[in-house]
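**Q** Starting off with a structure, shown below.
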Amino acid sequence: MTAADLSTVERRLAELGLTVPDVVPPVAAYVPAVRSGSHVYTSGQLPMVAGVMAATGKVGSDVTAEQAKELAATCALNAIAAVKSVIGDLDKVVRVVKVVGFVASVPEFTGQPGVINGASELLGKAFGDAGLHARSAVGVAALPLDASVEVEMIVEVSD
Amino acid sequence: MTAADLSTVERRLAELGLTVPDVVPPVAAYVPAVRSGSHVYTSGQLPMVAGVMAATGKVGSDVTAEQAKELAATCALNAIAAVKSVIGDLDKVVRVVKVVGFVASVPEFTGQPGVINGASELLGKAFGDAGLHARSAVGVAALPLDASVEVEMIVEVSD
Amino acid sequence: MTAADLSTVERRLAELGLTVPDVVPPVAAYVPAVRSGSHVYTSGQLPMVAGVMAATGKVGSDVTAEQAKELAATCALNAIAAVKSVIGDLDKVVRVVKVVGFVASVPEFTGQPGVINGASELLGKAFGDAGLHARSAVGVAALPLDASVEVEMIVEVSD
């Protein structure tokens, strides 16, 4: 595949040294993403890289906020892969509508917005103005497979 | 009512020995589900059976993963009841689009996907291919009325 | 601005002594709300009043359920402001479709529904029948900036 075959989104990511990975297979009885009308809903994405969790543990004890921010970017890249798995061409994304970021947090850690910025900033770089989204960030007790961050999103797509 | 009056969804559930229950009355100032356009959004459903919480407590200490998986199936059945309360005929469900499963977890418990499979598998049995959904599973500090699991979903419906 | 210029929603709030505040600037790289088709998705709203968090800490230890219920109402008012920031006239809201309320909870606190009623009841007063929504309430380990409550919502709007 040549650069000319890539979507604008993927060319922007390539300039950051990033490639949209293969979609992460669900760890259970569901699918990575579903299209319904003009929206794609992704499953919650964990910071898996080539099938391996990039890091595990709670933010605020095992993992720093700075490390968690990078993990959130990895989650967002996997969310982009999940969207690609159902629409093929990422340039069909009209808008990233909503992002929810779950941060596995010790109760004293309250820097969830900074962590999930790792996801939001990557989406901004990948989609430009279309990447600007509504967002919730919350700190949860525990995440699947002891992940530190989980990110899901809803995007609007064209036909 | 004879079997012939049941929706395909309800006949499949009957083969599993399950009946779509009466919708669980909200524990507060909201409604079980809302239809907006071609989607139905359910409220978070607790594992209530005939008005009584089937079990309470945190998964990983008071409740095992295996017990919690069954509770998640009960939540899913209540979510189906919530959908039915607004569309009447469950065969109008075109697709289960998104499921979010919240598991009341001690911080060490990281098996949320296996727990929420209880909901996902029931939806697969009830809706067939239309039951295959995007999903997030997270571990939270506490749930209403000390429930162990809470499940919400979005379904696409036909007119 | 005279009362006649206000939307019905804002007149109802004025009768309660409430004003729709300026939208709370996001604490990170996102926007307060996004419109997609006939829906507006808000970001998670914290109980900020005039730029200051009204209270901080976990419900069940630092903050009582009763205090948290008031904080949830403040979150809902900020969510209304977020919707207004993208549609201008709040009377374009056809229906509050879905509310998710996150309550920063010690593990023993299980009264999340009563807390989030603070948001649900305000929405009922502001929007009347159109304010009746589906809802999930969960107890989480920690929230941004040590907020006690965070509320997000999806509303359906007319053109």
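Identifiers for the structure tokens are assigned positionally: chains receive A, B, ... in sequence, residues are indexed from 1 per chain, and ligands are indexed from 1 in the order shown.
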Counting only C-alpha atoms, which residues from chain B have an atom at most 9 Å from any atom of chain A, and could you show them as a short mmCIF file (atom, residue, chain, number, x, y, z; two decimals) with C-alpha atoms, in the first residue's frame?
**A**
data_model
loop_
_atom_site.label_atom_id
_atom_site.label_comp_id
_atom_site.auth_asym_id
_atom_site.auth_seq_id
_atom_site.Cartn_x
_atom_site.Cartn_y
_atom_site.Cartn_z
CA SER B 38 -35.08 4.94 15.80
CA ARG B 95 -30.01 -4.30 16.47
CA VAL B 96 -28.65 -4.14 19.96
CA VAL B 97 -26.19 -1.30 19.35
CA LYS B 98 -24.38 -0.68 22.62
CA VAL B 99 -24.20 -2.20 26.08
CA VAL B 100 -22.45 -0.71 29.10
CA ALA B 104 -19.33 -3.18 41.64
CA SER B 105 -15.76 -4.34 42.14
CA VAL B 106 -13.13 -4.50 44.82
CA PRO B 107 -10.06 -2.84 43.28
CA GLU B 108 -8.32 -6.21 42.84
CA PHE B 109 -11.12 -7.68 40.71
CA THR B 110 -10.39 -7.28 37.00
CA GLY B 111 -12.67 -9.90 35.45
CA GLN B 112 -15.41 -7.50 34.39
CA PRO B 113 -15.58 -8.85 30.80
CA GLY B 114 -16.45 -12.36 32.02
CA ILE B 116 -20.77 -8.82 31.57
CA ASN B 117 -20.67 -11.81 29.21
CA SER B 120 -23.99 -10.28 26.19
CA GLU B 121 -24.68 -13.99 25.86
CA GLY B 124 -27.20 -13.10 21.66
CA GLY B 131 -27.97 -9.12 19.47
CA LEU B 132 -24.30 -8.65 18.62
CA HIS B 133 -23.29 -5.32 20.14
CA ALA B 134 -20.48 -2.93 20.99
CA ARG B 135 -19.76 -2.97 24.70
CA SER B 136 -17.89 -1.39 27.57
CA ALA B 137 -17.35 -3.14 30.90
CA VAL B 138 -15.96 -1.27 33.88
CA GLY B 139 -15.48 -1.89 37.58
CA VAL B 140 -17.05 0.73 39.81
CA ALA B 141 -16.80 1.52 43.52
CA ALA B 142 -20.48 1.02 44.36
CA GLU B 156 -32.10 0.38 17.14
#
**Q** Please extract the residues of chain A with a backbone DSSP assignment of helix (DSSP H, G or I) and present them as a PyMOL selection string.
**A** chain A and resi 3-5+8-15+65-87+90-92+112-131+144-146
**Q** Just want the 8 Å neighbourhood of Ala126 in chain A, counted on only C-alpha atoms, with same-chain residues fewer than 6 positions away dropped. Output as a VMD selection string.
**A** chain A and resid 9 to 10 12 to 13
**Q** Rounded to one decimal, what separation in Å do you get between CA of Ala79 in chain C and CA of Gly101 in chain C?
**A**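 Between CA of Ala79 in chain C and CA of Gly101 in chain C the gap is 11.5 Å.
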**Q** Please identify which residues in range 100-157 of chain C DSSP calls strand (DSSP E) from the backbone, and express them as a list in words.
**A**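 Assigned to strand (DSSP E), within range 100-157 of chain C: Val100, Gly101, Phe102, Val103, Ala104, Ala134, Arg135, Ser136, Ala137, Val138, Gly139, Val140, Val149, Glu150, Val151, Glu152, Met153, Ile154, Val155, Glu156 and Val157 of chain C.
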**Q** For Leu16 in chain C, which residue among C:Ala65, C:Val83, C:Lys125, C:Leu90 is the nearest when counting only C-alpha atoms?
**A**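 Ranking C:Ala65, C:Val83, C:Lys125, C:Leu90 by distance to Leu16 in chain C, first place goes to C:Lys125.
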